[in-house]
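Colleague: Sharing run-v4.cif (mmCIF, C-alpha atoms) below.
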data_start
#
loop_
_atom_site.label_atom_id
_atom_site.label_comp_id
_atom_site.auth_asym_id
_atom_site.auth_seq_id
_atom_site.Cartn_x
_atom_site.Cartn_y
_atom_site.Cartn_z
CA MET I 1411 -12.04 -0.96 24.10
CA GLY I 1412 -11.03 2.71 23.75
CA ALA I 1413 -13.00 5.38 21.98
CA SER I 1414 -12.50 5.87 18.24
CA PRO I 1415 -10.00 8.65 17.45
CA TRP I 1416 -12.66 10.52 15.43
CA ASN I 1417 -14.99 10.78 18.42
CA VAL I 1418 -13.91 14.17 19.71
CA SER I 1419 -13.52 14.40 23.48
CA ASP I 1420 -15.37 16.96 25.58
CA GLU I 1421 -12.01 18.39 26.65
CA LEU I 1422 -10.94 19.09 23.05
CA TRP I 1423 -14.36 20.31 21.95
CA GLU I 1424 -14.46 22.86 24.78
CA ARG I 1425 -11.35 24.42 23.25
CA ILE I 1426 -12.60 24.32 19.66
CA GLU I 1427 -16.22 25.44 19.97
CA PRO I 1428 -15.53 29.07 21.09
CA LEU I 1429 -13.24 29.50 18.06
CA LEU I 1430 -15.81 28.51 15.43
CA PRO I 1431 -17.37 31.34 13.41
CA CYS I 1432 -20.99 32.12 14.27
CA LYS I 1433 -23.54 31.51 11.55
CA GLN I 1434 -26.31 33.99 10.91
CA ARG I 1435 -29.68 32.33 11.24
CA ARG I 1436 -32.04 32.57 8.27
CA PHE I 1437 -35.62 33.24 9.39
CA ARG I 1438 -37.54 33.57 6.13
CA TYR I 1439 -36.21 30.51 4.34
CA PRO I 1440 -34.44 28.51 7.02
CA GLY I 1441 -34.13 25.33 4.95
CA ARG I 1442 -33.00 22.09 6.49
CA LYS I 1443 -31.53 22.08 9.95
CA PRO I 1444 -27.72 22.14 9.62
CA VAL I 1445 -25.64 19.23 10.87
CA PRO I 1446 -24.19 20.14 14.31
CA ASP I 1447 -20.62 21.39 14.18
CA ARG I 1448 -19.41 18.69 16.55
CA LYS I 1449 -20.75 15.93 14.29
CA VAL I 1450 -19.15 17.56 11.26
CA PHE I 1451 -15.83 17.85 13.10
CA CYS I 1452 -16.00 14.13 13.88
CA GLY I 1453 -16.49 13.51 10.15
CA ILE I 1454 -13.41 15.62 9.35
CA LEU I 1455 -11.41 13.62 11.91
CA TYR I 1456 -12.69 10.39 10.33
CA VAL I 1457 -11.33 11.46 6.94
CA LEU I 1458 -8.04 12.63 8.49
CA HIS I 1459 -7.49 9.37 10.37
CA THR I 1460 -8.69 6.87 7.73
CA GLY I 1461 -7.79 8.69 4.50
CA ILE I 1462 -11.22 7.84 3.05
CA GLN I 1463 -12.51 9.94 0.13
CA TRP I 1464 -15.09 12.56 1.02
CA GLU I 1465 -17.85 10.98 -1.06
CA TYR I 1466 -17.48 7.67 0.80
CA LEU I 1467 -17.91 9.16 4.26
CA PRO I 1468 -20.41 6.79 5.95
CA ALA I 1469 -23.74 8.62 6.35
CA GLU I 1470 -24.94 6.13 8.98
CA MET I 1471 -22.39 7.54 11.44
CA GLY I 1472 -24.20 10.89 11.53
CA PHE I 1473 -21.35 13.02 10.16
CA GLY I 1474 -23.45 14.58 7.42
CA SER I 1475 -22.42 14.39 3.78
CA GLY I 1476 -18.81 14.49 2.66
CA MET I 1477 -19.45 17.82 0.93
CA THR I 1478 -20.83 19.28 4.17
CA CYS I 1479 -17.66 18.26 6.04
CA TRP I 1480 -15.46 19.54 3.20
CA ARG I 1481 -17.16 22.94 3.22
CA ARG I 1482 -16.88 23.32 7.00
CA LEU I 1483 -13.20 22.35 6.90
CA ARG I 1484 -12.63 24.96 4.20
CA ASP I 1485 -14.63 27.67 6.01
CA TRP I 1486 -13.05 26.98 9.40
CA ASN I 1487 -9.58 27.06 7.88
CA GLU I 1488 -10.33 30.39 6.15
CA ALA I 1489 -11.58 31.74 9.50
CA GLY I 1490 -8.26 30.82 11.12
CA VAL I 1491 -9.77 28.28 13.53
CA TRP I 1492 -6.87 25.81 13.38
CA GLN I 1493 -4.24 28.53 13.76
CA ARG I 1494 -5.99 29.96 16.85
CA LEU I 1495 -6.54 26.47 18.30
CA HIS I 1496 -2.84 25.76 17.86
CA GLU I 1497 -1.97 28.98 19.70
CA VAL I 1498 -4.36 28.11 22.54
CA LEU I 1499 -2.79 24.66 22.97
CA LEU I 1500 0.76 26.02 22.80
CA ALA I 1501 -0.10 28.61 25.45
CA GLU I 1502 -1.41 25.88 27.75
CA LEU I 1503 1.71 23.78 27.20
CA ASN I 1504 3.89 26.84 27.84
CA ALA I 1505 2.02 27.63 31.06
CA ALA I 1506 2.67 24.05 32.21
CA SER I 1507 6.41 24.42 31.38
CA ARG I 1508 5.96 21.70 28.75
CA LEU I 1509 7.54 23.58 25.83
CA ASP I 1510 11.29 23.11 25.51
CA TRP I 1511 12.64 26.21 23.78
CA ALA I 1512 16.22 25.16 24.51
CA ARG I 1513 16.49 22.62 21.65
CA CYS I 1514 14.03 23.32 18.85
CA VAL I 1515 14.52 21.35 15.65
CA VAL I 1516 13.70 21.97 11.98
CA ASP I 1517 13.24 19.39 9.21
CA SER I 1518 11.04 18.50 6.24
CA SER I 1519 9.32 15.44 4.81
CA HIS I 1520 8.17 14.62 1.29
CA VAL I 1521 4.72 13.32 0.33
CA ARG I 1522 3.51 12.31 -3.11
CA ALA I 1523 0.85 14.56 -4.70
CA LEU I 1524 -1.18 12.28 -6.95
CA LYS I 1525 -3.51 14.98 -8.31
CA GLY I 1526 -1.06 17.85 -8.65
CA GLY I 1527 -2.16 21.36 -7.74
CA ILE I 1528 -0.59 24.40 -6.12
CA HIS I 1529 2.50 23.80 -3.94
CA THR I 1530 3.57 20.70 -5.84
CA GLY I 1531 6.69 20.09 -7.90
CA PRO I 1532 8.88 17.36 -9.37
CA SER I 1533 10.39 15.57 -6.42
CA PRO I 1534 14.13 14.77 -6.56
CA VAL I 1535 13.57 11.84 -4.18
CA ASP I 1536 10.67 10.28 -6.11
CA ARG I 1537 11.92 10.08 -9.73
CA GLY I 1538 10.57 13.50 -10.58
CA ARG I 1539 6.96 12.66 -9.73
CA ALA I 1540 4.75 15.45 -8.45
CA GLY I 1541 5.09 15.89 -4.72
CA SER I 1542 4.84 18.31 -1.82
CA LYS I 1543 6.94 18.96 1.27
CA HIS I 1544 5.91 19.45 4.86
CA HIS I 1545 8.41 21.78 6.59
CA MET I 1546 8.20 21.89 10.37
CA ILE I 1547 9.81 23.26 13.53
CA THR I 1548 9.23 21.43 16.81
CA ASP I 1549 10.26 22.14 20.36
CA GLY I 1550 12.53 19.76 22.25
CA HIS I 1551 9.61 17.47 23.13
CA GLY I 1552 8.43 17.17 19.52
CA THR I 1553 5.46 19.55 19.79
CA PRO I 1554 4.93 21.27 16.40
CA LEU I 1555 5.49 25.02 16.64
CA THR I 1556 4.72 25.74 12.99
CA VAL I 1557 4.36 23.93 9.66
CA ILE I 1558 4.56 25.07 6.02
CA LEU I 1559 3.53 23.35 2.76
CA THR I 1560 5.65 23.77 -0.39
CA GLY I 1561 6.35 21.98 -3.64
CA GLY I 1562 8.44 18.82 -3.51
CA ASN I 1563 11.31 20.46 -5.40
CA ARG I 1564 11.75 23.30 -2.90
CA ASN I 1565 15.12 23.31 -1.15
CA ASP I 1566 14.79 22.88 2.61
CA VAL I 1567 16.96 25.83 3.54
CA THR I 1568 14.77 28.28 1.59
CA GLN I 1569 11.99 27.66 4.12
CA LEU I 1570 14.15 28.14 7.21
CA LEU I 1571 13.42 31.85 7.68
CA PRO I 1572 9.72 31.61 6.68
CA LEU I 1573 9.34 28.86 9.29
CA LEU I 1574 10.98 30.96 12.00
CA ASP I 1575 8.80 33.94 11.07
CA ALA I 1576 5.67 31.73 11.15
CA ILE I 1577 6.12 30.67 14.79
CA PRO I 1578 3.13 32.29 16.53
CA PRO I 1579 3.46 34.40 19.68
CA VAL I 1580 3.18 31.82 22.46
CA ARG I 1581 1.57 33.10 25.64
CA GLY I 1582 0.97 31.29 28.91
CA ARG I 1583 3.84 32.72 30.97
CA VAL I 1584 4.47 36.05 32.69
CA GLY I 1585 6.00 38.59 30.35
CA ARG I 1586 5.92 39.09 26.60
CA PRO I 1587 4.77 36.21 24.36
CA ARG I 1588 7.60 34.09 23.08
CA ARG I 1589 8.08 33.30 19.40
CA LYS I 1590 11.67 32.20 18.89
CA PRO I 1591 13.84 29.36 20.22
CA ASP I 1592 17.24 29.69 21.85
CA PRO I 1593 19.21 27.30 19.60
CA LEU I 1594 17.84 25.70 16.40
CA PHE I 1595 19.10 22.25 15.39
CA ALA I 1596 19.16 21.17 11.74
CA ASP I 1597 20.77 18.60 9.44
CA ARG I 1598 23.16 19.16 6.51
CA GLY I 1599 20.36 20.26 4.22
CA TYR I 1600 20.42 23.61 6.02
CA ASP I 1601 24.19 24.08 5.82
CA HIS I 1602 24.52 27.57 4.29
CA ASP I 1603 26.58 30.24 6.01
CA ILE I 1604 24.36 33.04 4.68
CA TYR I 1605 21.35 31.48 6.39
CA ARG I 1606 23.36 30.91 9.55
CA GLU I 1607 24.04 34.63 9.72
CA MET I 1608 20.36 35.42 9.10
CA VAL I 1609 19.36 33.09 11.93
CA ARG I 1610 21.93 34.70 14.24
CA ALA I 1611 20.53 38.12 13.28
CA ARG I 1612 17.25 36.93 14.83
CA ARG I 1613 19.18 36.18 18.05
CA ILE I 1614 18.86 32.43 17.55
CA LEU I 1615 21.86 30.11 17.74
CA PRO I 1616 22.07 27.91 14.60
CA VAL I 1617 23.36 24.41 15.38
CA ILE I 1618 23.59 22.93 11.89
CA ALA I 1619 25.60 19.92 10.72
CA ARG I 1620 28.17 20.74 8.03
CA ARG I 1621 28.53 19.06 4.67
CA GLY I 1622 31.74 17.20 3.93
CA THR I 1623 32.28 16.15 7.53
CA PRO I 1624 32.03 12.55 8.73
CA HIS I 1625 28.62 11.36 9.81
CA GLY I 1626 28.03 11.17 13.52
CA SER I 1627 27.82 14.88 14.27
CA GLY I 1628 26.11 14.08 17.58
CA LEU I 1629 23.03 16.16 16.70
CA GLY I 1630 20.90 13.03 16.49
CA ILE I 1631 20.25 13.09 20.24
CA TYR I 1632 18.37 16.36 19.63
CA ARG I 1633 17.03 15.96 16.09
CA TRP I 1634 15.22 12.64 16.54
CA VAL I 1635 12.18 14.37 18.07
CA VAL I 1636 11.23 16.07 14.78
CA GLU I 1637 11.50 12.74 12.94
CA ARG I 1638 9.19 11.18 15.52
CA THR I 1639 6.74 14.05 15.05
CA PHE I 1640 6.73 13.46 11.29
CA ALA I 1641 5.94 9.81 12.04
CA TRP I 1642 3.00 10.98 14.18
CA LEU I 1643 1.94 13.41 11.45
CA HIS I 1644 1.96 10.77 8.75
CA GLY I 1645 0.17 8.37 11.07
CA PHE I 1646 -2.86 10.32 9.86
CA ARG I 1647 -3.53 8.48 6.62
CA ARG I 1648 -4.85 11.55 4.84
CA LEU I 1649 -1.40 13.14 5.15
CA ARG I 1650 0.68 10.22 3.88
CA VAL I 1651 -0.27 11.13 0.32
CA ARG I 1652 -1.57 14.49 -0.82
CA TRP I 1653 -4.96 13.81 -2.43
CA GLU I 1654 -6.20 17.41 -2.57
CA ARG I 1655 -5.56 19.59 -5.60
CA ARG I 1656 -6.41 22.60 -3.45
CA ALA I 1657 -3.46 23.49 -1.25
CA ASP I 1658 -5.65 25.17 1.38
CA ILE I 1659 -7.53 21.92 2.09
CA HIS I 1660 -4.31 19.94 2.51
CA GLU I 1661 -2.91 22.72 4.71
CA ALA I 1662 -6.10 22.61 6.80
CA PHE I 1663 -5.55 18.90 7.45
CA LEU I 1664 -1.89 19.61 8.19
CA ARG I 1665 -2.66 22.32 10.75
CA LEU I 1666 -5.42 20.26 12.34
CA ALA I 1667 -3.03 17.31 12.73
CA CYS I 1668 -0.49 19.59 14.45
CA CYS I 1669 -3.24 20.71 16.83
CA LEU I 1670 -4.10 17.11 17.64
CA ILE I 1671 -0.44 16.29 18.35
CA ALA I 1672 -0.21 19.33 20.65
CA HIS I 1673 -3.40 18.19 22.38
CA TRP I 1674 -1.93 14.70 22.90
CA GLN I 1675 1.12 16.31 24.48
CA LEU I 1676 -1.14 18.32 26.76
CA SER I 1677 -3.25 15.27 27.67
CA SER I 1678 -0.10 13.34 28.62
CA LEU I 1679 0.38 15.79 31.51
CA CYS I 1680 -2.84 14.67 33.17
#
Would you write out, as C-alpha cells, the structure that this file holds?

Modeller:
Amino acid sequence: MGASPWNVSDELWERIEPLLPCKQRRFRYPGRKPVPDRKVFCGILYVLHTGIQWEYLPAEMGFGSGMTCWRRLRDWNEAGVWQRLHEVLLAELNAASRLDWARCVVDSSHVRALKGGIHTGPSPVDRGRAGSKHHMITDGHGTPLTVILTGGNRNDVTQLLPLLDAIPPVRGRVGRPRRKPDPLFADRGYDHDIYREMVRARRILPVIARRGTPHGSGLGIYRWVVERTFAWLHGFRRLRVRWERRADIHEAFLRLACCLIAHWQLSSLC
C-alpha cells in the first residue's frame, strides 16, 4: 500500500525547507515547543487533499491544531514560499528539457464560493451564485506556469495579459531566464483582435479559435493538456469549492497545488 499523499517525501521536503522563513527564538519566555514545520506542512497537505475543515484536523496524526496549520500556511504564503518553490521546480523541469514552450495553453475554470469574500462574483454559469475563477497557463505537457484567482464574473480574456506577465523567469538552461512561450493556444473565449495584437506585441504568437466558425478548429490536440491540469487541480478536494473568505488563503492552496503538480511531473522523469 502506497504512502498517504499528505506524508511529504524527503525529496520534496529538501526543496521546501530552505525556502521557509527562519523564526527568531525566544529565550526569556520560550513557551511551548512549536510543532515542527514538516508536521505542519503534512497537516496543510491533509486539508488540501481531503477538503476537511481546519477545526476537524485530526490531532492524533501529529499535525498540530488546525489554527497552527492555518497560520503557517498564511505566513509561508506571505513570505513567498510557494512562488519560490514553483520557480525552483520549473527550473529543474527546464534543465531536464521537460518544459514545452512550443505549445503553451491558457484557460480558466469556475468554482463555487460558498462563503463569499474578495475575488468572488455572480457566476454566469451557476445561476448567478457567488463564485471564483482559476485562470491558468500551462506548457505543452500540462505543467502550470502561472495561476490567477478572480471573481466568477470576470471575462477570461481580461486575464490574458496579467497571466502572461505573471509567468516567472524560468532558469535551468544556459542563457537568460525564459518567461514567455512561443505560441499561445486558447479557445473562443479569448477571441478579441485587440488582445491578439497585445499578445503579438510581446513577441508571442496567438493561436486563438474564432467565434462564428464551425466547431472543430483542430486546437483540441493542443488545448486538452490544460483541461487535464484543471482536472488534476480540482482533484484536490479543497479546491473544488472555495471555502475560504480570505482570498490569500485560497490562493495559497492554489499555488501549493500547482507546485505539487510540477513536482509530480518532475518525479515522472525518474

Colleague: May I ask which of the residues I:His1544, I:Arg1481, I:Arg1598, I:Lys1433 is the closest one to Arg1633 in chain I, counting all atoms listed in the file?

Modeller: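 Of the candidates, the smallest distance to Arg1633 in chain I is held by I:Arg1598.
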
Colleague: Step by step, work through what the PyMOL selection byres ((chain I and resi 1572) around 12) selects in the shown file, and finish by giving those residues as a list in words.

Modeller: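 After applying the PyMOL selection byres ((chain I and resi 1572) around 12), what remains is Val1516, His1545, Met1546, Ile1547, Thr1556, Val1557, Ile1558, Leu1559, Thr1560, Asp1566, Val1567, Thr1568, Gln1569, Leu1570, Leu1571, Leu1573, Leu1574, Asp1575, Ala1576, Ile1577, Pro1578, Tyr1605, Met1608 and Val1609 of chain I.
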
Colleague: Take CA of Trp1416 in chain I and CA of Lys1449 in chain I and report the distance between them in Å, one decimal.

Modeller: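 Separating CA of Trp1416 in chain I from CA of Lys1449 in chain I is a distance of 9.8 Å.
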
Colleague: Between I:Thr1530, I:Thr1639, I:Thr1553, I:Gln1463, which has the minimum distance to Leu1676 in chain I (counting all atoms listed in the file)?

Modeller: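 Between I:Thr1530, I:Thr1639, I:Thr1553, I:Gln1463, the residue approaching Leu1676 in chain I most closely is I:Thr1553.
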
Colleague: Find the residues around Glu1654 in chain I up to 9 Å (only C-alpha atoms counted), leave out those fewer than 2 positions away in its own chain, and share them as a CSV table (one decimal) with C-alpha atoms, keeping the file's coordinate frame.

Modeller:
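Ended up saving to result-v9.csv:
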chain,number,residue,atom,x,y,z
I,1523,ALA,CA,0.8,14.6,-4.7
I,1524,LEU,CA,-1.2,12.3,-7.0
I,1525,LYS,CA,-3.5,15.0,-8.3
I,1526,GLY,CA,-1.1,17.8,-8.6
I,1527,GLY,CA,-2.2,21.4,-7.7
I,1652,ARG,CA,-1.6,14.5,-0.8
I,1656,ARG,CA,-6.4,22.6,-3.4
I,1657,ALA,CA,-3.5,23.5,-1.2
I,1658,ASP,CA,-5.6,25.2,1.4
I,1659,ILE,CA,-7.5,21.9,2.1
I,1660,HIS,CA,-4.3,19.9,2.5

Colleague: Could you work out how far CA of Glu1421 in chain I lies from CA of Asp1510 in chain I, giving the answer in Å with one decimal?

Modeller: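 The value is 23.8 Å.
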
Colleague: Figure out the distance between CA of Arg1586 in chain I and CA of Ala1667 in chain I, please, to one decimal in Å.

Modeller: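 Separation between CA of Ala1667 in chain I and CA of Arg1586 in chain I: 27.3 Å.
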
Colleague: Determine the nearest neighbour of Trp1674 in chain I from the options I:Asp1447, I:Glu1607, I:Leu1503, I:Ser1414, counting all atoms listed in the file.

Modeller: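 Ranked by minimum distance to Trp1674 in chain I, first place goes to I:Leu1503.
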
Colleague: Show me, as a ChimeraX atom specification, the residues that have an atom within 12 Å of Arg1537 in chain I when counting all atoms listed in the file, minus same-chain residues fewer than 4 positions from it.

Modeller: /I:1522,1531-1533,1541,1562-1563

Colleague: If you apply the PyMOL selection byres ((chain I and resi 1646) around 8) to this file, what residues do you get, as an MDAnalysis selection string?

Modeller: chainID I and resid 1458:1461 1642:1645 1647:1650 1667

Colleague: Could you write out as a PyMOL selection string the residues that the PyMOL selection byres ((chain I and resi 1669) around 10) matches in the shown file?

Modeller: chain I and resi 1492-1500+1553-1555+1663-1668+1670-1675

Colleague: Could you name the residues that touch Ile1454 in chain I at 8 Å or less, counting all atoms listed in the file, but leaving out those on the same chain fewer than 3 positions away, as a list of chain:residue names?

Modeller: I:Trp1416, I:Val1450, I:Phe1451, I:Val1457, I:Leu1458, I:Cys1479, I:Trp1480, I:Leu1483

Colleague: Calculated over all atoms listed in the file, which of the candidates I:Val1636, I:Ala1540, I:Ala1596, I:Val1418 has the smallest distance to Gly1552 in chain I?

Modeller: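 The closest residue to Gly1552 in chain I is I:Val1636.
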
Colleague: For Phe1595 in chain I, which of I:Ile1631, I:Val1515, I:Ile1528, I:Val1521 is the closest residue, counting all atoms listed in the file?

Modeller: I:Val1515

Colleague: Would you mind listing what lies within 7 Å of range 1580-1585 of chain I as a list in words, with all atoms listed in the file counted and same-chain residues fewer than 2 positions away left out?

Modeller: Glu1497, Leu1500, Ala1501, Glu1502, Asn1504, Ala1505, Pro1578, Pro1587, Arg1588 and Arg1589 of chain I

Colleague: Residues of range 1506-1537 of chain I that have any atom at most 12 Å from an atom of range 1613-1622 of chain I: could you tabulate them with the shortest-distance atom pair and the distance in Å to one decimal, using all atoms listed in the file, ordered by chain and increasing number, as CSV?

Modeller:
residue,atom,partner,partner_atom,distance
I:Trp1511,CA,I:Ile1614,CA,10.8
I:Ala1512,CA,I:Leu1615,CA,10.1
I:Arg1513,CA,I:Val1617,CA,9.5
I:Cys1514,CA,I:Val1617,CA,10.0
I:Val1515,CA,I:Val1617,CA,9.4
I:Val1516,CA,I:Ile1618,CA,9.9
I:Asp1517,CA,I:Ile1618,CA,11.3

Colleague: Can you pull out every residue within 10 Å of Leu1429 in chain I, counting all atoms listed in the file, but drop anything in the same chain fewer than 2 positions away, and send it as a list in words?

Modeller: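 Once the nearby chain positions are removed, what remains is Glu1424, Arg1425, Ile1426, Glu1427, Pro1431, Cys1432, Trp1486, Ala1489, Gly1490, Val1491, Trp1492, Arg1494 and Leu1495 of chain I.
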
Colleague: How about saving the chosen residues, C-alpha atoms kept, as an mmCIF file, keeping the file's coordinate frame?

Modeller:
data_model
loop_
_atom_site.group_PDB
_atom_site.id
_atom_site.type_symbol
_atom_site.label_atom_id
_atom_site.label_comp_id
_atom_site.auth_asym_id
_atom_site.auth_seq_id
_atom_site.Cartn_x
_atom_site.Cartn_y
_atom_site.Cartn_z
ATOM 1 C CA GLU I 1424 -14.460 22.860 24.780
ATOM 2 C CA ARG I 1425 -11.350 24.420 23.250
ATOM 3 C CA ILE I 1426 -12.600 24.320 19.660
ATOM 4 C CA GLU I 1427 -16.220 25.440 19.970
ATOM 5 C CA PRO I 1431 -17.370 31.340 13.410
ATOM 6 C CA CYS I 1432 -20.990 32.120 14.270
ATOM 7 C CA TRP I 1486 -13.050 26.980 9.400
ATOM 8 C CA ALA I 1489 -11.580 31.740 9.500
ATOM 9 C CA GLY I 1490 -8.260 30.820 11.120
ATOM 10 C CA VAL I 1491 -9.770 28.280 13.530
ATOM 11 C CA TRP I 1492 -6.870 25.810 13.380
ATOM 12 C CA ARG I 1494 -5.990 29.960 16.850
ATOM 13 C CA LEU I 1495 -6.540 26.470 18.300
#

Colleague: Give the answer as one residue: which of I:Pro1468, I:Lys1443, I:Pro1579, I:Ala1662 has the shortest atom-to-atom distance to Glu1488 in chain I, using only C-alpha atoms?

Modeller: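 Under the stated criterion, the closest residue is I:Ala1662.
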